[in-house]
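As structure tokens, the structure follows; a few thoughts come after it.
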Amino acid sequence: MAELYARYAEETGISPGRLRRAVADVGADLGMHPLAPLELGRISEAEWGGRVRAALRARHPGLDLGAARLERFGEQWLGGRPGNPVMAAAVRAVRAAGHPVGLLTNNVPEWEGHWRRITAPAGRFDAVVDSCRVGVRKPDPAVFRIAAEASPTARHVLVDDLAENCAAAEAAGWRTVCFRDNAQASGDLSALLGIPLPGPGTPRAAGQVTSGRPARTP
């Protein structure tokens with residue numbers, strides 16, 4: 001998220017702090033979490049962007065918004081953005097080891113083309129639970145029940161970059177890997193599943209003999 005905010009600031013001149021506050025203002029006006037109106041499909045991207053534009057103008061009357069396509073926010077926020085090749089490779093390795101893989105995402109109807117392009121290198125998902133389609137978003141406990149019902153397996157691991165989402169998943173009986181960076185996440189997931197995964201810093205899979213040399217990964 002920090003990288004997305006930084007790139008957006010470079011393209012539009014709207015600093016992360018100003019954008020976050022404007023988004024929070026829109027959520028507060030609607031009595032919801034800052035991004036919930038979009039991620040629950042309660043408001044269109046165009047209407048949301050117009051509200052964000054108005055909030056920015058109210059807080060910063062002199063701010064130049066000419067480069068910001070706020071009513072088509074997803075195009076600028078995600079358009080052309082690359083995926084994470086290390087984690088995509090880890091997902092493929094998890095699947096190759098025989099584990100089903102699902103996608104549990106807080107997302108926006110108008111952004112589906114973007115996130116599908118970004119996640120395509122990870123391969124197919126056995127289940128997809130999208131907040132804007134099911135009307136519930138992380139960290140609501142209900143979304144983990146919905147995901148569990150859609151899953152072909154009885155045990156679940158959530159990899160997520162937000163602590164509140166990981167805490168909610170753990171409360172629902174899931175195991176979690178809280179993503180901080182590629183090396184940490186791939187290493188934690190490797191240890192949790194007991195399989196080798198690609199990525200810097202990946203620890204040896206359970207039972208692998210220490211040789212004094214770095215473990216080889218696919």
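Chain labels A, B, ... are given in the sequence in which chains occur in the structure tokens; within each chain residues are numbered consecutively from 1, and ligands are likewise numbered from 1 in the order shown.
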Would you mind listing what lies within 12 Å of segment 26-30 of chain A as a VMD selection string, with only C-alpha atoms counted and same-chain residues fewer than 2 positions away left out?
chain A and resid 19 to 24 32 to 40 42 to 43 47 to 56 58
Can you spit out the residues from that selection as an mmCIF file, in the first residue's frame, using C-alpha atoms?
data_model
loop_
_atom_site.group_PDB
_atom_site.id
_atom_site.type_symbol
_atom_site.label_atom_id
_atom_site.label_comp_id
_atom_site.auth_asym_id
_atom_site.auth_seq_id
_atom_site.Cartn_x
_atom_site.Cartn_y
_atom_site.Cartn_z
ATOM 1 C CA LEU A 19 -5.317 11.332 0.008
ATOM 2 C CA ARG A 20 -5.787 9.183 3.109
ATOM 3 C CA ARG A 21 -7.545 12.013 4.938
ATOM 4 C CA ALA A 22 -9.847 12.723 2.010
ATOM 5 C CA VAL A 23 -10.755 9.036 1.696
ATOM 6 C CA ALA A 24 -11.391 8.922 5.444
ATOM 7 C CA MET A 32 -18.307 3.595 7.204
ATOM 8 C CA HIS A 33 -14.657 2.540 7.213
ATOM 9 C CA PRO A 34 -12.726 4.760 4.741
ATOM 10 C CA LEU A 35 -12.744 2.253 1.867
ATOM 11 C CA ALA A 36 -15.845 0.279 2.814
ATOM 12 C CA PRO A 37 -18.250 2.179 0.516
ATOM 13 C CA LEU A 38 -16.207 1.037 -2.483
ATOM 14 C CA GLU A 39 -15.198 -2.390 -1.238
ATOM 15 C CA LEU A 40 -18.758 -3.316 -0.330
ATOM 16 C CA ARG A 42 -22.321 0.505 -1.882
ATOM 17 C CA ILE A 43 -21.174 3.350 -4.119
ATOM 18 C CA GLU A 47 -19.464 8.825 -7.270
ATOM 19 C CA TRP A 48 -16.774 7.916 -4.737
ATOM 20 C CA GLY A 49 -14.116 9.715 -6.775
ATOM 21 C CA GLY A 50 -16.278 12.806 -6.977
ATOM 22 C CA ARG A 51 -16.686 12.780 -3.221
ATOM 23 C CA VAL A 52 -12.929 12.381 -2.721
ATOM 24 C CA ARG A 53 -12.332 15.315 -5.080
ATOM 25 C CA ALA A 54 -14.742 17.460 -3.071
ATOM 26 C CA ALA A 55 -13.071 16.422 0.195
ATOM 27 C CA LEU A 56 -9.626 17.343 -1.165
ATOM 28 C CA ALA A 58 -12.509 21.376 1.042
#
Shell around segment 65-82 of chain A at 12 Å using only C-alpha atoms, local window under 3 positions removed, as a VMD selection string
chain A and resid 1 to 15 18 to 19 22 to 23 38 43 to 57 60 to 62 85 to 86 88 107 to 121
Within 10 Å of Phe125 of chain A, counting only C-alpha atoms, which residues qualify if same-chain residues fewer than 3 places away don't, as an MDAnalysis selection string?
chainID A and resid 91 95 100:103 119:120 122 128
